[in-house]
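A.B. asks: Below are the structure tokens for one structure; questions will follow.
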Amino acid sequence: MKHFRCYNSEVEIPMSDLTAFIGKNDSGKSTVLEALEIFLNNSLVSCEKADLNNKADNNNIEISCVFSDYPKELIIDSSSSTNLTKEFLTNTNNMLEIKKIFPTTANKPKEKTYIICNHPSIKHGNDLLTLKQTDLKKGAEQLNISKENYNANINSSIRSAIWDSFENLNLSQTELLVDKEDTKKVYESLKKYLPIYALFQSDRPSQDDDKEVTDPMKIAIQEALADLESEIEIIKKEVKKKAIETANRTLTKLKEMSPEIADELIPEFKTEPKFESQFKLTINSDEGIPINKRGSGIRRLILLNFFRAEAEKRKSKNNSSSIIFAFEEPETSQHPNHQEMLINTFIELSNSNNSQILLTTHTPALAGLLPLESLRFICKKGSDRIIEIGTDEVFKKIANTLGVLANPINKNAKALLLIEGKNDVTFINHTAEMLKNSGFITHTFKDKNIALVPIGGCGNLKHWITLHLAEQFAIPHCVLLDSDKGTAEEEKNKFKIAELRQKNIKAYLTRKREPENYIDNNCLNLPKETSISYSDTCDAKIIIANKTRTRKQKVLENFWTKMTCEQIRNSEKYFKNGEEKYEFTEMFQDFLSLV
């Protein structure tokens, strides 16, 4: 961004799969999300003259986006494909870079779009994408290029032949204005592949079309249409074909009466049809009360569950349309339990191949769960703004700004076992007690003053703060995480554990998806006729909760505490190279050896 609101100097913001903007009020967090809304949609928020920074040295607002995931092929001529690399339309890092400039000479600036690319600058080779086919053919003839080297009916073929005729194209960074001929066709084709951008703002009026409720439904329609794009294209072509046939029949008849007028007329479609405007989807209350008239907490709860449903869908459907969810202050009007659930959903969504999550937050509990690589700290520097990432100093600033604190640690603690959640405390303590009582381990964690500290995962802000606290106590630490086996997070968790082990930290993943997958069926107190089974990778927590009518947060507390030592040993047993092994027995012995 440059010259946009509080960002006067150009600022570049690296994006992760999950990106969280943190800063004091009026630091410019929402501005980043709204800049992307202007770039990708220009509807919910549109660019205005007043958006120009008052210290700008010219009248232009600039917003650019760089995309690593772009189409491998583009159809810009009627039947022939090309690609961005062939057309020299990627930047020096081989990415697609699009810049939009909004001249603020009018109250509602009209954008000019440029592709920033490493493009030929040599004379007669630097403007080929802006030339009509007749001019391209003339250019090829003037350079004495044999017609056997290109297809004269395909622009991309002629361009390729012309570029191939030069020994050196003198590639240089170029701002290519996409306003005519094939530059415009390329961008029109590219627009179909740009991600859907869904911005959910924190401050909204409660109107009949309250966007907090309607936006998710609009996204549902956009995604449905994107999935049916090939079918829609067939419909468009058929409609155009039949309509043009009718228009041509009309002109044929007109020619009989007035040939001079008929020769001047050509049937042409002015605009592409907009299917999304033809569908309206909403959610009504069964009590006849419009959803927008319900409390803000209820409206946001609907939004929360829209995201949860999206996460479920995207886990199993990796070829769906790309989408960026941008959410201002997701904690607004939500119970703390829902806030944590929402962050976990965002992390899950960000791990799918076709989703990115952007958010802003002020809440310490929520910020503590965010991965360190996702954090972007925005602060003022004079009258401008800077964005800081990725260092201990930045994490310290974020923790101090939001008041994120580590969980209290007993002053007598001699080591820390970092775990994901509070329920894991129950799981580990009961397991250790049963194994000790039967002589399989010599101590419990309590016996050795090893504190169990829930941090919500590894590599998040809470984890970072806890480790710094452990350093102050000068005590060692170890880590146990759920493997999340069978989910999008499995590989990330493996990477985290491998990283910790390289630092000689005792760190383990559960062999099964999570602790609930180890619960013995006999502990569930189900009627004999009720059958239940779950694999190592399925969501056992949900399956057990549904079958036993238990809240999923209570599954471990209610049923793991009924596990006997024999049942624990049976559930933790595995084989390696034909040898019988016991997962938690071995793991706990390793952890306990720290003290």
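In the structure tokens, chains take the letters A, B, ... in the order shown, each chain's residues start at 1, and ligands count up from 1 in the order shown.
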Find the residues around A:Phe325 up to 9 Å (only C-alpha atoms counted), leave out those fewer than 2 positions away in its own chain, and share them as a compact mmCIF listing (two decimals) with all heavy atoms, in the first residue's frame.
C.D. replies:
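Final output, saved to part.txt:
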```
# COMPACT_ATOMS: atom_id res chain seq x y z
N ILE A 196 -11.89 -15.39 -4.04
CA ILE A 196 -13.03 -14.71 -3.42
C ILE A 196 -12.52 -14.07 -2.14
O ILE A 196 -11.76 -14.68 -1.39
CB ILE A 196 -14.16 -15.72 -3.10
CG1 ILE A 196 -14.70 -16.35 -4.38
CG2 ILE A 196 -15.27 -15.07 -2.29
CD1 ILE A 196 -15.62 -17.55 -4.13
N TYR A 197 -12.92 -12.82 -1.89
CA TYR A 197 -12.49 -12.13 -0.67
C TYR A 197 -13.73 -11.78 0.15
O TYR A 197 -14.62 -11.09 -0.33
CB TYR A 197 -11.72 -10.86 -1.02
CG TYR A 197 -11.16 -10.13 0.19
CD1 TYR A 197 -10.06 -10.64 0.87
CD2 TYR A 197 -11.73 -8.94 0.64
CE1 TYR A 197 -9.53 -9.98 1.98
CE2 TYR A 197 -11.20 -8.28 1.73
CZ TYR A 197 -10.11 -8.79 2.40
OH TYR A 197 -9.59 -8.14 3.50
N ALA A 198 -13.78 -12.29 1.37
CA ALA A 198 -14.94 -12.07 2.23
C ALA A 198 -14.50 -11.33 3.48
O ALA A 198 -13.78 -11.87 4.32
CB ALA A 198 -15.55 -13.42 2.61
N LEU A 199 -14.91 -10.07 3.58
CA LEU A 199 -14.56 -9.23 4.73
C LEU A 199 -15.73 -9.15 5.69
O LEU A 199 -16.84 -8.80 5.31
CB LEU A 199 -14.17 -7.82 4.25
CG LEU A 199 -13.96 -6.76 5.34
CD1 LEU A 199 -12.82 -7.16 6.28
CD2 LEU A 199 -13.69 -5.40 4.72
N PHE A 200 -15.45 -9.48 6.97
CA PHE A 200 -16.46 -9.38 8.02
C PHE A 200 -16.00 -8.31 9.00
O PHE A 200 -15.03 -8.49 9.73
CB PHE A 200 -16.64 -10.72 8.73
CG PHE A 200 -17.10 -11.81 7.80
CD1 PHE A 200 -16.18 -12.61 7.15
CD2 PHE A 200 -18.45 -12.00 7.54
CE1 PHE A 200 -16.59 -13.60 6.26
CE2 PHE A 200 -18.86 -12.99 6.66
CZ PHE A 200 -17.94 -13.78 6.02
N ILE A 323 -10.34 -18.89 -1.45
CA ILE A 323 -11.08 -17.86 -0.73
C ILE A 323 -10.22 -17.28 0.37
O ILE A 323 -9.41 -17.98 0.99
CB ILE A 323 -12.41 -18.43 -0.16
CG1 ILE A 323 -13.29 -17.32 0.42
CG2 ILE A 323 -12.16 -19.52 0.88
CD1 ILE A 323 -14.73 -17.73 0.63
N PHE A 327 -11.44 -11.13 8.92
CA PHE A 327 -12.36 -11.00 10.04
C PHE A 327 -11.82 -9.99 11.04
O PHE A 327 -10.76 -10.18 11.63
CB PHE A 327 -12.49 -12.38 10.71
CG PHE A 327 -13.81 -12.62 11.37
CD1 PHE A 327 -14.29 -13.90 11.53
CD2 PHE A 327 -14.58 -11.58 11.85
CE1 PHE A 327 -15.50 -14.16 12.15
CE2 PHE A 327 -15.79 -11.81 12.47
CZ PHE A 327 -16.25 -13.10 12.62
N SER A 355 -7.59 -21.90 1.25
CA SER A 355 -8.11 -20.85 2.13
C SER A 355 -6.96 -20.07 2.78
O SER A 355 -5.95 -20.65 3.14
CB SER A 355 -8.97 -21.44 3.25
OG SER A 355 -9.98 -22.25 2.73
N GLN A 356 -7.17 -18.78 2.91
CA GLN A 356 -6.30 -17.94 3.73
C GLN A 356 -7.18 -17.19 4.71
O GLN A 356 -8.32 -16.82 4.39
CB GLN A 356 -5.53 -16.93 2.86
CG GLN A 356 -4.18 -17.44 2.38
CD GLN A 356 -3.42 -16.37 1.62
OE1 GLN A 356 -3.93 -15.84 0.63
NE2 GLN A 356 -2.22 -16.05 2.04
N ILE A 357 -6.65 -16.96 5.92
CA ILE A 357 -7.39 -16.26 6.96
C ILE A 357 -6.62 -15.01 7.36
O ILE A 357 -5.42 -15.08 7.65
CB ILE A 357 -7.59 -17.15 8.21
CG1 ILE A 357 -8.22 -18.49 7.85
CG2 ILE A 357 -8.42 -16.42 9.26
CD1 ILE A 357 -9.62 -18.42 7.34
N LEU A 358 -7.30 -13.87 7.38
CA LEU A 358 -6.74 -12.63 7.90
C LEU A 358 -7.63 -12.17 9.04
O LEU A 358 -8.86 -12.24 8.93
CB LEU A 358 -6.70 -11.54 6.83
CG LEU A 358 -6.20 -11.91 5.43
CD1 LEU A 358 -6.27 -10.69 4.51
CD2 LEU A 358 -4.78 -12.42 5.49
N LEU A 359 -7.04 -11.71 10.14
CA LEU A 359 -7.88 -11.22 11.22
C LEU A 359 -7.16 -10.14 12.02
O LEU A 359 -5.94 -10.00 11.97
CB LEU A 359 -8.33 -12.38 12.12
CG LEU A 359 -7.28 -13.26 12.80
CD1 LEU A 359 -6.93 -12.70 14.17
CD2 LEU A 359 -7.80 -14.67 12.97
```
A.B. asks: Show me, as a ChimeraX atom specification, the residues that have an atom within 7 Å of stretch 386-395 of chain A when counting only C-alpha atoms, minus same-chain residues fewer than 6 positions from it.
C.D. replies: /A:373,375-380
A.B. asks: Residues as selected, all heavy atoms, written as a PDB file, in the first residue's frame, can you do that?
C.D. replies:
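Dumped everything to part_31.pdb:
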```
ATOM      1  N   GLU A 373       4.228 -17.367  13.486  1.00  0.00           N
ATOM      2  CA  GLU A 373       4.473 -16.920  12.100  1.00  0.00           C
ATOM      3  C   GLU A 373       3.298 -16.130  11.536  1.00  0.00           C
ATOM      4  O   GLU A 373       3.420 -15.489  10.491  1.00  0.00           O
ATOM      5  CB  GLU A 373       4.796 -18.110  11.196  1.00  0.00           C
ATOM      6  CG  GLU A 373       3.678 -19.117  11.022  1.00  0.00           C
ATOM      7  CD  GLU A 373       3.698 -20.254  12.030  1.00  0.00           C
ATOM      8  OE1 GLU A 373       4.386 -20.107  13.073  1.00  0.00           O
ATOM      9  OE2 GLU A 373       3.048 -21.277  11.782  1.00  0.00           O
ATOM     10  N   LEU A 375       1.742 -13.616  13.188  1.00  0.00           N
ATOM     11  CA  LEU A 375       1.584 -12.323  13.865  1.00  0.00           C
ATOM     12  C   LEU A 375       2.222 -11.175  13.093  1.00  0.00           C
ATOM     13  O   LEU A 375       3.362 -11.269  12.636  1.00  0.00           O
ATOM     14  CB  LEU A 375       2.183 -12.393  15.272  1.00  0.00           C
ATOM     15  CG  LEU A 375       1.602 -13.472  16.192  1.00  0.00           C
ATOM     16  CD1 LEU A 375       2.344 -13.493  17.524  1.00  0.00           C
ATOM     17  CD2 LEU A 375       0.109 -13.268  16.418  1.00  0.00           C
ATOM     18  N   ARG A 376       1.464 -10.084  12.944  1.00  0.00           N
ATOM     19  CA  ARG A 376       1.950  -8.853  12.320  1.00  0.00           C
ATOM     20  C   ARG A 376       1.635  -7.707  13.280  1.00  0.00           C
ATOM     21  O   ARG A 376       0.464  -7.437  13.573  1.00  0.00           O
ATOM     22  CB  ARG A 376       1.256  -8.586  10.972  1.00  0.00           C
ATOM     23  CG  ARG A 376       1.332  -9.731   9.985  1.00  0.00           C
ATOM     24  CD  ARG A 376       2.715  -9.898   9.377  1.00  0.00           C
ATOM     25  NE  ARG A 376       2.744 -10.968   8.388  1.00  0.00           N
ATOM     26  CZ  ARG A 376       2.986 -12.243   8.663  1.00  0.00           C
ATOM     27  NH1 ARG A 376       3.207 -12.618   9.915  1.00  0.00           N
ATOM     28  NH2 ARG A 376       3.019 -13.153   7.716  1.00  0.00           N
ATOM     29  N   PHE A 377       2.686  -7.033  13.761  1.00  0.00           N
ATOM     30  CA  PHE A 377       2.497  -5.946  14.730  1.00  0.00           C
ATOM     31  C   PHE A 377       2.555  -4.610  14.005  1.00  0.00           C
ATOM     32  O   PHE A 377       3.550  -4.285  13.355  1.00  0.00           O
ATOM     33  CB  PHE A 377       3.567  -6.020  15.814  1.00  0.00           C
ATOM     34  CG  PHE A 377       3.370  -5.012  16.917  1.00  0.00           C
ATOM     35  CD1 PHE A 377       2.250  -5.071  17.733  1.00  0.00           C
ATOM     36  CD2 PHE A 377       4.296  -4.004  17.123  1.00  0.00           C
ATOM     37  CE1 PHE A 377       2.067  -4.140  18.751  1.00  0.00           C
ATOM     38  CE2 PHE A 377       4.118  -3.066  18.138  1.00  0.00           C
ATOM     39  CZ  PHE A 377       2.996  -3.133  18.954  1.00  0.00           C
ATOM     40  N   ILE A 378       1.474  -3.840  14.108  1.00  0.00           N
ATOM     41  CA  ILE A 378       1.393  -2.536  13.435  1.00  0.00           C
ATOM     42  C   ILE A 378       1.598  -1.436  14.475  1.00  0.00           C
ATOM     43  O   ILE A 378       0.923  -1.413  15.511  1.00  0.00           O
ATOM     44  CB  ILE A 378       0.025  -2.354  12.744  1.00  0.00           C
ATOM     45  CG1 ILE A 378      -0.220  -3.487  11.737  1.00  0.00           C
ATOM     46  CG2 ILE A 378      -0.042  -1.007  12.045  1.00  0.00           C
ATOM     47  CD1 ILE A 378      -1.554  -3.406  11.025  1.00  0.00           C
ATOM     48  N   CYS A 379       2.532  -0.556  14.198  1.00  0.00           N
ATOM     49  CA  CYS A 379       2.758   0.546  15.143  1.00  0.00           C
ATOM     50  C   CYS A 379       3.053   1.836  14.374  1.00  0.00           C
ATOM     51  O   CYS A 379       3.407   1.816  13.195  1.00  0.00           O
ATOM     52  CB  CYS A 379       3.898   0.221  16.101  1.00  0.00           C
ATOM     53  SG  CYS A 379       5.447  -0.242  15.294  1.00  0.00           S
ATOM     54  N   LYS A 380       2.887   2.935  15.081  1.00  0.00           N
ATOM     55  CA  LYS A 380       3.108   4.249  14.472  1.00  0.00           C
ATOM     56  C   LYS A 380       4.592   4.595  14.481  1.00  0.00           C
ATOM     57  O   LYS A 380       5.314   4.274  15.417  1.00  0.00           O
ATOM     58  CB  LYS A 380       2.332   5.322  15.246  1.00  0.00           C
ATOM     59  CG  LYS A 380       0.819   5.192  15.140  1.00  0.00           C
ATOM     60  CD  LYS A 380       0.127   6.323  15.887  1.00  0.00           C
ATOM     61  CE  LYS A 380      -1.393   6.190  15.786  1.00  0.00           C
ATOM     62  NZ  LYS A 380      -2.093   7.290  16.489  1.00  0.00           N
TER      63      LYS A 380
END
```
A.B. asks: Show me, as JSON, numbers by chain, the residues that have an atom within 9 Å of stretch 518-535 of chain A when counting only C-alpha atoms, minus same-chain residues fewer than 6 positions from it.
C.D. replies: {"A": [512, 543, 544, 547, 548, 556, 558, 559, 560, 561, 562, 563, 567, 568, 570, 571, 572]}
A.B. asks: Using the selection just defined, write its residues with C-alpha atoms as a PDB file, in the first residue's frame.
C.D. replies:
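Once everything was written out, this is result_9.pdb:
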```pdb
ATOM      1  CA  LYS A 512      -3.468 -41.699  17.298  1.00  0.00           C
ATOM      2  CA  ILE A 543     -18.430 -39.696  17.824  1.00  0.00           C
ATOM      3  CA  ILE A 544     -18.324 -40.404  21.580  1.00  0.00           C
ATOM      4  CA  LYS A 547     -23.383 -41.447  21.153  1.00  0.00           C
ATOM      5  CA  THR A 548     -23.228 -40.690  24.880  1.00  0.00           C
ATOM      6  CA  LEU A 556     -11.961 -37.112  28.565  1.00  0.00           C
ATOM      7  CA  ASN A 558     -16.101 -38.334  32.007  1.00  0.00           C
ATOM      8  CA  PHE A 559     -14.655 -41.449  30.383  1.00  0.00           C
ATOM      9  CA  TRP A 560     -10.841 -41.495  30.512  1.00  0.00           C
ATOM     10  CA  THR A 561     -10.965 -41.374  34.312  1.00  0.00           C
ATOM     11  CA  LYS A 562     -12.772 -44.756  34.184  1.00  0.00           C
ATOM     12  CA  MET A 563      -9.927 -46.421  32.285  1.00  0.00           C
ATOM     13  CA  GLN A 567      -7.353 -50.837  29.418  1.00  0.00           C
ATOM     14  CA  ILE A 568      -4.712 -48.100  29.214  1.00  0.00           C
ATOM     15  CA  ASN A 570      -4.146 -52.214  25.770  1.00  0.00           C
ATOM     16  CA  SER A 571      -4.950 -48.858  24.117  1.00  0.00           C
ATOM     17  CA  GLU A 572      -1.315 -47.633  24.172  1.00  0.00           C
TER      18      GLU A 572
END
```
A.B. asks: Between A:Ala365, A:Pro109, A:Val66, A:Ile409, single out the one closest to A:Phe473, counting only C-alpha atoms.
C.D. replies: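 Nearest to A:Phe473: A:Ile409.
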A.B. asks: Can you tell me, as a ChimeraX atom specification, what residues are no more than 6 Å from stretch 175-182 of chain A when counting only C-alpha atoms, ignoring any on the same chain fewer than 2 positions away?
C.D. replies: /A:113-116,129-130,184-186
A.B. asks: Can you work out which one of A:Thr537, A:Gly456, A:Ile465, A:Leu171 has the shortest atom-to-atom distance to A:Met341, counting only C-alpha atoms?
C.D. replies: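 Closest to A:Met341 of all the choices is A:Gly456.
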A.B. asks: Which of these, A:Ala152, A:Leu169, A:Ile475, A:Leu89, has the shortest distance to A:Thr134 once you count only C-alpha atoms?
C.D. replies: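 Closest to A:Thr134 of all the choices is A:Ala152.
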A.B. asks: Would you please give, as a PyMOL selection string, all residues of stretch 314-439 of chain A that DSSP assigns to alpha helix (DSSP H) based on the backbone?
C.D. replies: chain A and resi 314-316+336-350+364-368+392-402+422-437
A.B. asks: Could you write out the selected residues, including C-alpha atoms, as a PDB file, in the first residue's frame?
C.D. replies:
```pdb
ATOM      1  CA  ARG A 314     -12.706 -27.696   2.857  1.00  0.00           C
ATOM      2  CA  LYS A 315     -11.006 -30.526   4.730  1.00  0.00           C
ATOM      3  CA  SER A 316     -12.541 -33.007   2.322  1.00  0.00           C
ATOM      4  CA  PRO A 336     -14.595 -17.024  25.704  1.00  0.00           C
ATOM      5  CA  ASN A 337     -15.297 -20.703  24.842  1.00  0.00           C
ATOM      6  CA  HIS A 338     -16.588 -19.627  21.427  1.00  0.00           C
ATOM      7  CA  GLN A 339     -13.568 -17.388  20.893  1.00  0.00           C
ATOM      8  CA  GLU A 340     -11.215 -20.323  21.389  1.00  0.00           C
ATOM      9  CA  MET A 341     -13.368 -22.505  19.129  1.00  0.00           C
ATOM     10  CA  LEU A 342     -13.270 -19.838  16.431  1.00  0.00           C
ATOM     11  CA  ILE A 343      -9.470 -19.545  16.525  1.00  0.00           C
ATOM     12  CA  ASN A 344      -9.122 -23.328  16.320  1.00  0.00           C
ATOM     13  CA  THR A 345     -11.492 -23.270  13.330  1.00  0.00           C
ATOM     14  CA  PHE A 346      -9.450 -20.505  11.679  1.00  0.00           C
ATOM     15  CA  ILE A 347      -6.239 -22.525  12.154  1.00  0.00           C
ATOM     16  CA  GLU A 348      -7.978 -25.584  10.687  1.00  0.00           C
ATOM     17  CA  LEU A 349      -9.293 -23.569   7.724  1.00  0.00           C
ATOM     18  CA  SER A 350      -5.900 -22.010   7.062  1.00  0.00           C
ATOM     19  CA  PRO A 364      -5.098 -11.695  25.029  1.00  0.00           C
ATOM     20  CA  ALA A 365      -6.631 -15.189  25.318  1.00  0.00           C
ATOM     21  CA  LEU A 366      -7.272 -15.314  21.581  1.00  0.00           C
ATOM     22  CA  ALA A 367      -3.891 -13.810  20.583  1.00  0.00           C
ATOM     23  CA  GLY A 368      -2.107 -16.342  22.799  1.00  0.00           C
ATOM     24  CA  ASP A 392      11.532 -11.996  19.888  1.00  0.00           C
ATOM     25  CA  GLU A 393      11.361  -8.223  20.242  1.00  0.00           C
ATOM     26  CA  VAL A 394       8.154  -8.113  18.167  1.00  0.00           C
ATOM     27  CA  PHE A 395       6.550 -10.965  20.160  1.00  0.00           C
ATOM     28  CA  LYS A 396       7.425  -9.123  23.363  1.00  0.00           C
ATOM     29  CA  LYS A 397       5.769  -5.943  22.045  1.00  0.00           C
ATOM     30  CA  ILE A 398       2.617  -7.907  21.121  1.00  0.00           C
ATOM     31  CA  ALA A 399       2.478  -9.626  24.521  1.00  0.00           C
ATOM     32  CA  ASN A 400       2.898  -6.279  26.313  1.00  0.00           C
ATOM     33  CA  THR A 401       0.398  -4.451  24.069  1.00  0.00           C
ATOM     34  CA  LEU A 402      -2.348  -7.054  24.570  1.00  0.00           C
ATOM     35  CA  LYS A 422      -6.870 -28.334  30.114  1.00  0.00           C
ATOM     36  CA  ASN A 423      -8.436 -31.734  29.342  1.00  0.00           C
ATOM     37  CA  ASP A 424      -4.965 -33.108  28.654  1.00  0.00           C
ATOM     38  CA  VAL A 425      -4.119 -32.506  32.334  1.00  0.00           C
ATOM     39  CA  THR A 426      -6.832 -35.024  33.297  1.00  0.00           C
ATOM     40  CA  PHE A 427      -5.621 -37.468  30.656  1.00  0.00           C
ATOM     41  CA  ILE A 428      -1.946 -37.335  31.711  1.00  0.00           C
ATOM     42  CA  ASN A 429      -2.514 -37.358  35.482  1.00  0.00           C
ATOM     43  CA  HIS A 430      -4.908 -40.338  35.388  1.00  0.00           C
ATOM     44  CA  THR A 431      -2.654 -42.284  32.993  1.00  0.00           C
ATOM     45  CA  ALA A 432       0.453 -41.663  35.124  1.00  0.00           C
ATOM     46  CA  GLU A 433      -1.369 -42.641  38.315  1.00  0.00           C
ATOM     47  CA  MET A 434      -2.661 -45.929  36.856  1.00  0.00           C
ATOM     48  CA  LEU A 435       0.734 -46.853  35.384  1.00  0.00           C
ATOM     49  CA  LYS A 436       2.543 -46.055  38.659  1.00  0.00           C
ATOM     50  CA  ASN A 437       0.074 -48.037  40.784  1.00  0.00           C
TER      51      ASN A 437
END
```
A.B. asks: Which one is closest to A:Asn149: A:Ser165, A:Thr104, A:Thr246, A:Thr82? Count only C-alpha atoms.
C.D. replies: A:Ser165
A.B. asks: If you measure from atom CA of A:Leu500 to atom CA of A:Thr442, what distance in Å do you get, rounded to one decimal?
C.D. replies: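 Atom CA of A:Thr442 lies at a distance of 26.2 Å from atom CA of A:Leu500.
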A.B. asks: Restricting the calculation to only C-alpha atoms: of A:Leu84, A:Ile497, A:Leu452, A:Leu96, which residue gets closest to A:His477?
C.D. replies: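 For A:His477, the nearest of the candidates is A:Leu452.
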A.B. asks: Would you mind writing down, as a ChimeraX atom specification, each residue of stretch 25-124 of chain A that DSSP on the backbone assigns to strand (DSSP E or B)?
C.D. replies: /A:52,60-67,74-75,81-82,96-103,112-120
A.B. asks: Residues near A:Glu141, anyone? I mean within 10 Å using only C-alpha atoms, not counting same-chain ones fewer than 6 positions away, as a PyMOL selection string.
C.D. replies: chain A and resi 135+147+162
A.B. asks: Keeping only C-alpha atoms, write those residues as a PDB file, in the first residue's frame.
C.D. replies:
```pdb
ATOM      1  CA  ASP A 135      -0.199  -4.852 -36.401  1.00  0.00           C
ATOM      2  CA  LYS A 147       5.231 -17.437 -41.721  1.00  0.00           C
ATOM      3  CA  ILE A 162       8.736 -12.098 -32.741  1.00  0.00           C
TER       4      ILE A 162
END
```
A.B. asks: Could you check the closest approach to A:Leu40 for each of A:Asn94, A:Tyr193, A:Leu18, A:Glu245 and tell me which residue wins, using only C-alpha atoms?
C.D. replies: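 Looking at the shortest contact to A:Leu40, the residue is A:Tyr193.
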A.B. asks: Quick one: residues within 10 Å of A:Leu194, only C-alpha atoms, excluding same-chain residues fewer than 5 positions away - as number ranges by chain?
C.D. replies: A: 40, 67, 69-71, 189, 321-323
A.B. asks: Mind giving me the straight-line distance from atom CA of A:Gly439 to atom CA of A:Glu566 in Å, one decimal?
C.D. replies: 12.1 Å
A.B. asks: Separation of atom CA of A:Ile61 and atom CA of A:Lys49, in Å?
C.D. replies: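 Those two atoms sit 9.2 Å apart.
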A.B. asks: For A:Pro103, list every protein, DNA or RNA residue within 10 Å, evaluated using only C-alpha atoms, and leave out those in the same chain fewer than 5 positions away; present the list as a list in words.
C.D. replies: Cys47, Glu48, Lys49, Leu52, Asn58, Asn59, Asn60, Ile61, Glu62, Lys108, Pro109, Lys110, Glu111 and Lys112 of chain A
